[in-house]
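See below for entry-v4.txt, which holds compact mmCIF, C-alpha atoms and all ligand atoms.
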```
# COMPACT_ATOMS: atom_id res chain seq x y z
CA MET A 1 0.64 93.19 102.45
CA LYS A 2 -1.84 93.17 105.33
CA ALA A 3 -0.70 91.32 108.43
CA TYR A 4 -1.37 91.12 112.16
CA VAL A 5 1.73 92.17 114.08
CA ARG A 6 3.19 92.66 117.51
CA ILE A 7 4.52 96.21 117.54
CA ASP A 8 6.45 95.77 120.77
CA THR A 9 8.46 92.91 122.24
CA VAL A 10 6.99 93.46 125.72
CA ASP A 11 3.52 94.90 125.16
CA GLN A 12 1.49 91.98 123.77
CA ARG A 13 -0.99 94.10 121.83
CA VAL A 14 -1.63 92.79 118.29
CA GLU A 15 -2.50 95.18 115.46
CA LEU A 16 -3.35 95.05 111.76
CA ALA A 17 -0.57 96.67 109.71
CA ASP A 18 0.94 97.00 106.25
CA VAL A 19 4.28 95.17 106.08
CA GLU A 20 6.78 94.06 103.45
CA VAL A 21 6.15 90.73 101.71
CA PRO A 22 8.91 88.36 102.93
CA SER A 23 11.06 86.55 100.37
CA PRO A 24 12.35 82.99 100.74
CA ASP A 25 15.96 81.98 101.42
CA ALA A 26 17.44 78.88 99.74
CA ASP A 27 15.74 76.39 102.08
CA GLU A 28 12.43 78.26 102.34
CA VAL A 29 9.05 78.21 100.63
CA ALA A 30 6.81 81.26 100.11
CA LEU A 31 3.05 80.82 100.44
CA GLU A 32 0.01 82.81 99.53
CA VAL A 33 -1.93 82.28 102.77
CA HIS A 34 -5.56 81.17 102.38
CA ALA A 35 -6.28 80.40 106.04
CA PHE A 36 -4.45 80.26 109.36
CA GLY A 37 -5.13 78.40 112.56
CA VAL A 38 -5.50 80.35 115.80
CA GLY A 39 -4.24 79.36 119.24
CA VAL A 40 -3.87 81.00 122.60
CA HIS A 41 -0.09 80.95 121.98
CA ASP A 42 -0.30 83.26 118.94
CA ARG A 43 -0.13 86.45 120.97
CA TYR A 44 3.01 85.49 122.90
CA PHE A 45 4.94 82.82 120.89
CA ILE A 46 7.24 85.06 118.90
CA SER A 47 10.70 84.43 117.51
CA PRO A 48 13.54 84.95 120.01
CA GLU A 49 15.24 86.93 117.24
CA VAL A 50 12.22 89.16 116.89
CA ALA A 51 12.30 92.54 115.19
CA VAL A 52 9.11 94.56 115.42
CA PRO A 53 6.70 94.89 113.77
CA TYR A 54 6.61 91.08 113.90
CA VAL A 55 3.92 89.10 112.10
CA ILE A 56 2.42 86.61 114.57
CA GLY A 57 1.11 83.10 113.91
CA LEU A 58 2.47 79.57 113.66
CA GLU A 59 0.30 77.64 111.19
CA ALA A 60 -1.32 78.21 107.81
CA ALA A 61 -2.65 76.63 104.65
CA GLY A 62 -2.09 78.11 101.23
CA VAL A 63 -0.53 77.90 97.80
CA VAL A 64 3.21 77.90 97.08
CA THR A 65 4.25 81.03 95.17
CA ALA A 66 8.06 80.63 95.23
CA VAL A 67 10.67 78.12 96.38
CA GLY A 68 14.31 78.64 97.35
CA SER A 69 17.14 77.08 95.33
CA ALA A 70 17.71 74.24 97.85
CA VAL A 71 14.05 73.22 98.20
CA HIS A 72 13.10 69.73 97.01
CA GLY A 73 9.70 68.09 96.67
CA VAL A 74 7.66 71.29 96.79
CA ALA A 75 6.70 73.28 93.68
CA VAL A 76 5.01 76.56 92.83
CA GLY A 77 1.24 76.00 92.76
CA ASP A 78 1.22 73.20 95.37
CA ARG A 79 -1.45 73.36 98.08
CA VAL A 80 0.33 72.98 101.41
CA MET A 81 -0.16 73.29 105.13
CA ALA A 82 2.71 74.82 107.03
CA THR A 83 4.21 75.65 110.40
CA THR A 84 6.62 78.55 110.68
CA MET A 85 8.93 77.25 113.42
CA MET A 86 8.98 80.85 114.68
CA ASN A 87 10.81 82.21 111.65
CA PRO A 88 12.42 85.59 112.48
CA LYS A 89 10.91 86.80 109.18
CA GLY A 90 7.47 86.51 110.73
CA GLY A 91 4.48 84.23 111.02
CA THR A 92 1.29 83.20 109.30
CA TRP A 93 -1.23 85.90 110.23
CA ALA A 94 -0.64 87.59 106.88
CA GLU A 95 -1.43 87.48 103.19
CA SER A 96 1.95 85.80 102.54
CA VAL A 97 4.47 83.91 104.64
CA VAL A 98 7.82 82.17 104.19
CA VAL A 99 8.46 78.88 105.96
CA ASN A 100 11.32 76.43 106.13
CA GLN A 101 10.77 73.48 103.76
CA ARG A 102 10.77 71.13 106.78
CA GLY A 103 7.58 72.84 107.99
CA VAL A 104 5.57 72.13 104.83
CA ALA A 105 3.25 69.19 104.05
CA PRO A 106 0.87 68.60 101.12
CA ILE A 107 -2.85 69.18 101.65
CA PRO A 108 -4.93 66.10 100.80
CA ASP A 109 -7.49 66.68 98.03
CA GLU A 110 -10.28 66.06 100.56
CA PHE A 111 -9.40 69.22 102.52
CA ASP A 112 -10.27 72.83 101.92
CA PHE A 113 -7.81 75.41 103.22
CA THR A 114 -9.68 76.12 106.44
CA THR A 115 -9.57 72.43 107.40
CA ALA A 116 -5.88 72.18 106.54
CA ALA A 117 -5.04 75.31 108.56
CA ALA A 118 -6.58 73.78 111.69
CA ILE A 119 -4.32 70.73 111.77
CA PRO A 120 -0.56 71.50 112.05
CA ILE A 121 -0.12 72.80 115.62
CA ALA A 122 -2.86 70.99 117.55
CA GLY A 123 -2.42 67.83 115.44
CA ASP A 124 1.29 67.76 116.09
CA ALA A 125 0.77 68.42 119.80
CA ALA A 126 -1.82 65.61 119.97
CA VAL A 127 0.42 62.99 118.36
CA GLU A 128 3.34 64.14 120.49
CA CYS A 129 1.17 63.76 123.60
CA MET A 130 0.22 60.23 122.52
CA HIS A 131 3.91 59.32 122.11
CA THR A 132 4.80 60.84 125.47
CA LEU A 133 1.93 59.05 127.22
CA GLY A 134 2.88 55.73 125.55
CA MET A 135 -0.34 54.03 126.64
CA GLN A 136 -1.57 50.44 126.13
CA PRO A 137 -5.13 49.21 125.46
CA ASN A 138 -7.36 49.06 128.55
CA GLN A 139 -5.22 51.54 130.47
CA THR A 140 -7.06 54.59 131.81
CA LEU A 141 -6.42 58.23 130.88
CA TYR A 142 -7.77 61.49 132.34
CA VAL A 143 -7.70 64.49 129.96
CA ALA A 144 -8.00 68.01 131.47
CA GLY A 145 -9.18 70.09 128.52
CA ALA A 146 -10.92 67.31 126.57
CA SER A 147 -13.06 69.66 124.44
CA GLY A 148 -10.19 71.91 123.27
CA ALA A 149 -7.90 71.89 120.25
CA ILE A 150 -5.52 69.20 121.51
CA GLY A 151 -7.98 67.40 123.76
CA THR A 152 -10.55 66.60 121.07
CA LEU A 153 -7.85 64.86 119.04
CA VAL A 154 -6.20 63.07 121.98
CA VAL A 155 -9.51 61.68 123.24
CA GLN A 156 -10.16 60.14 119.81
CA LEU A 157 -6.62 58.86 119.25
CA ALA A 158 -6.52 57.27 122.70
CA ALA A 159 -10.00 55.74 122.54
CA GLN A 160 -9.32 54.32 119.07
CA ARG A 161 -6.24 52.58 120.49
CA GLY A 162 -8.33 50.94 123.18
CA VAL A 163 -7.38 53.32 125.99
CA ARG A 164 -10.26 54.05 128.38
CA VAL A 165 -10.68 57.82 128.58
CA VAL A 166 -12.31 60.21 131.04
CA GLY A 167 -12.45 63.80 129.82
CA ALA A 168 -12.93 67.03 131.77
CA ALA A 169 -15.09 69.70 130.14
CA SER A 170 -18.10 71.90 130.85
CA PRO A 171 -21.43 70.04 131.00
CA ALA A 172 -22.51 71.53 127.65
CA ASN A 173 -19.63 69.57 126.07
CA HIS A 174 -20.13 66.26 127.88
CA ASP A 175 -22.21 64.55 125.17
CA TYR A 176 -19.68 65.77 122.63
CA VAL A 177 -16.68 64.46 124.60
CA ARG A 178 -18.39 61.07 124.96
CA SER A 179 -19.14 61.09 121.22
CA LEU A 180 -15.36 61.30 120.65
CA GLY A 181 -14.90 58.04 122.54
CA ALA A 182 -14.56 59.04 126.20
CA GLU A 183 -16.32 56.61 128.55
CA LEU A 184 -16.92 59.34 131.10
CA ALA A 185 -17.07 63.15 131.07
CA VAL A 186 -16.68 65.21 134.23
CA ASP A 187 -17.21 68.88 134.98
CA TYR A 188 -13.96 70.39 136.26
CA ARG A 189 -15.94 73.07 138.13
CA ASP A 190 -17.89 70.45 140.14
CA PRO A 191 -16.12 69.83 143.48
CA ALA A 192 -17.06 66.12 143.18
CA TRP A 193 -15.36 65.56 139.79
CA ALA A 194 -12.30 63.79 141.25
CA ASP A 195 -14.53 61.41 143.25
CA ALA A 196 -16.36 60.55 140.02
CA VAL A 197 -13.03 59.75 138.33
CA ARG A 198 -11.89 57.58 141.26
CA ALA A 199 -15.24 55.74 141.26
CA TRP A 200 -14.71 55.02 137.55
CA ALA A 201 -11.05 54.03 137.98
CA PRO A 202 -10.61 52.67 141.51
CA GLY A 203 -7.16 53.58 142.83
CA GLY A 204 -6.83 56.28 140.17
CA VAL A 205 -6.15 56.49 136.44
CA ASP A 206 -2.93 55.19 134.91
CA SER A 207 -2.13 58.51 133.23
CA ALA A 208 -3.33 62.10 133.07
CA LEU A 209 -2.82 64.75 130.43
CA ALA A 210 -3.06 68.24 131.95
CA ILE A 211 -3.59 70.44 128.90
CA GLN A 212 -5.04 73.56 130.48
CA PRO A 213 -2.88 75.84 132.65
CA GLY A 214 -3.61 75.33 136.33
CA THR A 215 -4.65 71.68 135.93
CA PRO A 216 -1.48 69.60 136.62
CA ALA A 217 -1.90 69.44 140.42
CA SER A 218 -5.62 68.58 140.28
CA SER A 219 -4.91 66.04 137.53
CA ARG A 220 -2.15 64.43 139.61
CA ALA A 221 -4.71 63.91 142.39
CA VAL A 222 -6.64 61.39 140.24
CA VAL A 223 -3.54 59.45 139.06
CA ARG A 224 -2.84 56.12 140.76
CA ASP A 225 0.32 55.61 142.82
CA GLY A 226 3.23 55.16 140.40
CA GLY A 227 1.21 56.46 137.44
CA HIS A 228 2.13 59.09 134.81
CA LEU A 229 1.26 62.79 134.50
CA VAL A 230 2.09 64.89 131.44
CA SER A 231 1.84 68.69 131.82
CA VAL A 232 1.12 70.29 128.45
CA SER A 233 0.67 73.81 129.80
CA GLY A 234 4.22 73.92 131.15
CA ASP A 235 3.04 74.41 134.73
CA PRO A 236 5.59 72.86 137.08
CA CYS A 237 4.18 70.07 139.24
CA PRO A 238 6.20 68.12 141.80
CA SER A 239 5.95 64.35 141.88
CA GLU A 240 4.20 62.53 144.73
CA ARG A 241 3.25 58.90 145.42
CA GLY A 242 5.79 57.70 142.87
CA ILE A 243 3.97 59.42 140.00
CA PHE A 244 6.23 60.16 137.04
CA VAL A 245 5.62 63.81 136.15
CA GLU A 246 6.73 64.86 132.68
CA GLN A 247 6.63 68.22 130.91
CA PHE A 248 5.28 68.16 127.35
CA ALA A 249 8.19 68.60 124.95
CA HIS A 250 8.23 68.77 121.17
CA ARG A 251 9.49 65.55 119.61
CA PRO A 252 11.10 65.12 116.21
CA ASP A 253 9.95 61.48 115.88
CA VAL A 254 6.22 61.86 115.14
CA GLY A 255 6.26 62.51 111.37
CA ALA A 256 4.69 59.15 110.47
CA ASP A 257 1.99 59.52 113.11
CA MET A 258 1.24 63.03 111.90
CA ALA A 259 0.79 61.74 108.35
CA GLU A 260 -1.48 59.00 109.73
CA LEU A 261 -3.55 61.59 111.62
CA VAL A 262 -3.96 63.72 108.48
CA GLU A 263 -5.14 60.64 106.58
CA ALA A 264 -7.52 59.64 109.38
CA ILE A 265 -9.07 63.13 109.32
CA ALA A 266 -9.29 63.06 105.52
CA HIS A 267 -11.15 59.74 105.63
CA GLY A 268 -13.44 60.70 108.50
CA ARG A 269 -11.99 58.31 111.08
CA ILE A 270 -10.99 61.27 113.26
CA ASN A 271 -13.26 64.28 113.63
CA LEU A 272 -11.49 67.63 113.32
CA GLU A 273 -13.65 70.07 115.27
CA ILE A 274 -13.56 73.68 114.10
CA GLU A 275 -15.57 75.90 116.40
CA ARG A 276 -15.76 78.73 113.89
CA VAL A 277 -14.10 80.16 110.79
CA TYR A 278 -13.58 83.92 111.14
CA ALA A 279 -12.97 86.46 108.36
CA PHE A 280 -9.52 88.09 108.12
CA ASP A 281 -10.75 91.38 109.57
CA GLU A 282 -12.20 89.47 112.56
CA ALA A 283 -8.88 87.81 113.47
CA LEU A 284 -8.51 89.62 116.79
CA ALA A 285 -11.96 88.34 117.82
CA ALA A 286 -10.77 84.85 116.88
CA LEU A 287 -7.71 85.25 119.10
CA GLU A 288 -9.87 86.54 121.96
CA LYS A 289 -12.12 83.49 121.55
CA THR A 290 -9.17 81.15 122.12
CA GLU A 291 -8.12 83.29 125.07
CA THR A 292 -11.43 82.54 126.80
CA ARG A 293 -10.13 78.93 126.99
CA HIS A 294 -13.58 77.78 125.93
CA ALA A 295 -13.31 77.20 122.20
CA ARG A 296 -14.44 73.74 121.16
CA GLY A 297 -11.68 72.29 118.99
CA LYS A 298 -9.90 74.81 116.74
CA VAL A 299 -10.56 78.36 115.62
CA VAL A 300 -9.53 79.33 112.08
CA VAL A 301 -9.24 82.59 110.12
CA GLU A 302 -9.91 82.62 106.39
CA VAL A 303 -7.64 85.04 104.52
CA ARG A 304 -8.83 84.49 100.95
CA ARG A 305 -12.20 83.28 99.83
CA ALA A 306 -12.59 80.48 97.28
CA GLY A 307 -11.77 81.43 93.71
CA THR A 308 -9.59 84.42 94.58
CA SER A 309 -6.32 82.87 93.42
CA ALA A 310 -4.74 80.07 91.40
CA THR A 311 -6.48 77.23 93.25
CA LYS A 312 -9.41 76.50 90.96
CA GLY A 313 -10.53 72.89 90.94
CA HIS A 314 -10.01 72.38 94.65
CA PRO A 315 -12.79 72.25 97.21
CA ALA A 316 -14.09 75.61 98.37
CA PRO A 317 -13.40 76.64 101.94
CA SER A 318 -16.28 75.62 104.17
CA ALA A 319 -18.46 78.28 105.70
CA GLY A 320 -17.40 76.83 109.03
CA THR A 321 -19.49 75.67 111.90
CA GLU A 322 -20.52 78.18 114.46
CA ARG A 323 -22.06 76.76 117.55
CA GLY A 324 -24.91 78.61 119.15
N1 LIG B 1 -2.82 74.31 120.68
C1 LIG B 1 -1.64 73.72 120.52
O1 LIG B 1 -1.35 73.24 119.46
C2 LIG B 1 -0.64 73.63 121.64
C3 LIG B 1 0.59 73.02 121.40
C4 LIG B 1 1.45 72.88 122.45
C5 LIG B 1 1.10 73.34 123.70
N2 LIG B 1 -0.08 73.96 123.89
C6 LIG B 1 -0.47 74.41 125.22
O2 LIG B 1 -1.69 73.75 125.53
C7 LIG B 1 -2.55 74.64 126.17
C8 LIG B 1 -3.77 74.89 125.32
O3 LIG B 1 -4.22 73.71 124.68
P1 LIG B 1 -5.45 73.78 123.66
O4 LIG B 1 -5.09 74.69 122.54
O5 LIG B 1 -5.90 72.41 123.38
O6 LIG B 1 -6.53 74.50 124.59
P2 LIG B 1 -7.89 75.10 124.20
O7 LIG B 1 -8.32 74.69 122.84
O8 LIG B 1 -7.89 76.55 124.52
O9 LIG B 1 -8.82 74.36 125.27
C9 LIG B 1 -10.08 74.81 125.45
C10 LIG B 1 -10.84 73.76 126.23
O10 LIG B 1 -10.30 73.61 127.55
C11 LIG B 1 -11.38 73.42 128.46
N3 LIG B 1 -11.00 74.00 129.75
C12 LIG B 1 -10.89 75.30 130.08
N4 LIG B 1 -10.51 75.42 131.37
C13 LIG B 1 -10.38 74.15 131.86
C14 LIG B 1 -10.02 73.60 133.13
N5 LIG B 1 -9.74 74.37 134.18
N6 LIG B 1 -9.98 72.26 133.25
C15 LIG B 1 -10.26 71.45 132.21
N7 LIG B 1 -10.63 71.91 130.99
C16 LIG B 1 -10.68 73.24 130.82
C17 LIG B 1 -12.56 74.11 127.84
O11 LIG B 1 -13.64 73.29 128.10
P3 LIG B 1 -15.13 73.85 128.21
O12 LIG B 1 -15.29 74.94 127.18
O13 LIG B 1 -15.90 72.62 127.93
O14 LIG B 1 -15.25 74.40 129.61
C18 LIG B 1 -12.26 74.20 126.34
O15 LIG B 1 -13.03 73.35 125.54
C19 LIG B 1 -1.80 75.94 126.36
O16 LIG B 1 -1.19 75.95 127.62
C20 LIG B 1 -0.77 75.89 125.26
O17 LIG B 1 0.38 76.64 125.54
C21 LIG B 1 -0.97 74.10 122.89
```
Let's see the structure in the file written out as structure tokens.
Amino acid sequence: MKAYVRIDTVDQRVELADVEVPSPDADEVALEVHAFGVGVHDRYFISPEVAVPYVIGLEAAGVVTAVGSAVHGVAVGDRVMATTMMNPKGGTWAESVVVNQRGVAPIPDEFDFTTAAAIPIAGDAAVECMHTLGMQPNQTLYVAGASGAIGTLVVQLAAQRGVRVVGAASPANHDYVRSLGAELAVDYRDPAWADAVRAWAPGGVDSALAIQPGTPASSRAVVRDGGHLVSVSGDPCPSERGIFVEQFAHRPDVGADMAELVEAIAHGRINLEIERVYAFDEALAALEKTETRHARGKVVVEVRRAGTSATKGHPAPSAGTERG
């Protein structure tokens, strides 16, 4: 099958290659991949037990083609979205993938494959961020990276819970960030942005979510004494003024919230922004787009077009939305 692979464990170059189709173990599910989500992590998040060539990618949507003997609740022909959990057998940037049954969830009828492929990683990160922040209505939150994959979801989830949000983004995205529910949008390149945040939240915001690398220290500067800073990028950031600084960590306790998010997207209560759907042979351009750190929402790659497999009767993949 065709797949995008790392051919070296050190050199991070990604190439299109022909590789063996993986087969599922007892607790695994095999999928025919219809679309996969793209993130800046795809080039460098590879299994610690990696053998090259290693198929990259963490999330996909597709149709189940085989299930292992110990798999329950998933059947051949099901439409599912999946995360690989860095399976040593390889990831989702391929025509087929195997995933542990714990990484599989049904696709609601409302979704096409490209929509479903955009949700698992950023959606999970967004609900995990909300749990970690643990905010109450009327508290104030600063989001560094409000127009990105995680930020667009967090702004909406927070605002819909009554949290007052200020989001950092480029001016071209300010109307958009406010449309998601932020009260205020600031330009992180403007030297006066922190003053604008402090004018909006005198004394500083209760919490800040530093999604983009390089933003924890500047985000901490707008947090009130004794407030809360969560670093999603993993950048270390020492505490000061009694601020509780926390590193983003994956949490096993967000399953119900993830299901709620999927339903909210399906029913239009949460907007899932997809900057663009790329064709399979354009996948490297899709990765490079995320590496600019200026994609709005998610970037998705479509592997199979509508009607090219056993999925008749389901909505066709959207043509995607490409912004000018
Ligand atoms: N994606 C995931 O699911 C996930 C999960 C766990 C952890 N992470 C970590 O989270 C980070 C990426 O998150 P993401 O995927 O949401 O990012 P992303 O989609 O790449 O974020 C892009 C957005 O960030 C904004 N941005 C760029 N530089 C900024 C800066 N200096 N200050 C504030 N905003 C800035 C851009 O805004 P403008 O275009 O408006 O300028 C753009 O809209 C990475 O460190 C990754 O390792 C990601």
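Nearest residue to ligand LIG 1 (chain B) among A:Ile121, A:Leu287, A:Ala210, A:Ala266 is A:Ile121, counting all atoms listed in the file.
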Kindly provide, as JSON, numbers by chain, all nucleotide and amino acid residues lying within 7 Å of ligand LIG 1 (chain B), counting only C-alpha atoms and all ligand atoms. {"A": [39, 40, 41, 121, 122, 123, 124, 125, 144, 145, 146, 147, 148, 149, 150, 151, 168, 169, 170, 171, 172, 173, 188, 211, 212, 213, 214, 215, 232, 233, 234, 290, 291, 293, 294, 295, 296, 297, 298]}
Neighbours of point (6.7, 70.4, 124.0) within 9 Å, using only C-alpha atoms, written as an MDAnalysis selection string: chainID A and resid 125 128:129 232 234 247:251
Need to verify the contact set: segment 191-196 of chain A, 8 Å, only C-alpha atoms, exclusion of same-chain residues closer than 4 positions in sequence. Can you return it as a PyMOL selection string? chain A and resi 186-187+200+221-222
All residues 8 Å or closer to Phe111 of chain A, all atoms listed in the file, same chain fewer than 4 positions away omitted, as a ChimeraX atom specification: /A:107,115-116,266,315
Judged by all atoms listed in the file, the minimum distance to Val245 of chain A among A:Ile265, A:Val300, A:Leu133, A:Val163 is found for A:Leu133
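Our summary of the geometry notes that atom CA of Val74 of chain A is positioned 25.6 Å from atom CA of Leu272 of chain A.
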Got a sec: who's within 12 Å of Ala66 of chain A, counting only C-alpha atoms, leaving out chain neighbours fewer than 3 positions off, as a PyMOL selection string? chain A and resi 22-32+63+69-71+74-78+96-99+101
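With distances restricted to only C-alpha atoms, A:Asn271 is the closest residue to Val177 of chain A from A:Pro106, A:Leu284, A:Pro252, A:Asn271.
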For atom CA of Ala61 of chain A and atom CA of Thr114 of chain A, determine how far apart the two atoms are, in Å to one decimal place. 7.3 Å
Quick one: residues within 12 Å of segment 277-281 of chain A, all atoms listed in the file counted, chain neighbours fewer than 3 positions away excluded, as a PyMOL selection string? chain A and resi 2-4+15-17+33-38+92-95+113-115+117-118+273-274+284-289+295+297-305+317-323
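Counting from atom CA of Glu183 of chain A, the distance to atom CA of Gln139 of chain A is 12.4 Å.
Nearest residue to Asp257 of chain A, choosing from A:Met86, A:Val127, A:Gly181, A:Arg224 and counting all atoms listed in the file: A:Val127.
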Around the point (-1.8, 58.3, 143.7) in the file's coordinates, collect all residues with an atom within 6 Å, using all atoms listed in the file, and return them as a ChimeraX atom specification. /A:223-225,241
A:Ser179, A:Ser47, A:Ser218, A:Asn100: which is nearest Tyr142 of chain A, counting all atoms listed in the file? A:Ser218
Exercise: Val10 of chain A partners within 12 Å, all atoms listed in the file, chain neighbours under 3 positions left out, as a ChimeraX atom specification: /A:6-7,13-14,43-46,50-52
Across A:Leu157, A:Met81, A:Ala217, A:Ala283, the smallest distance to Glu260 of chain A, with only C-alpha atoms counted, is shown by A:Leu157
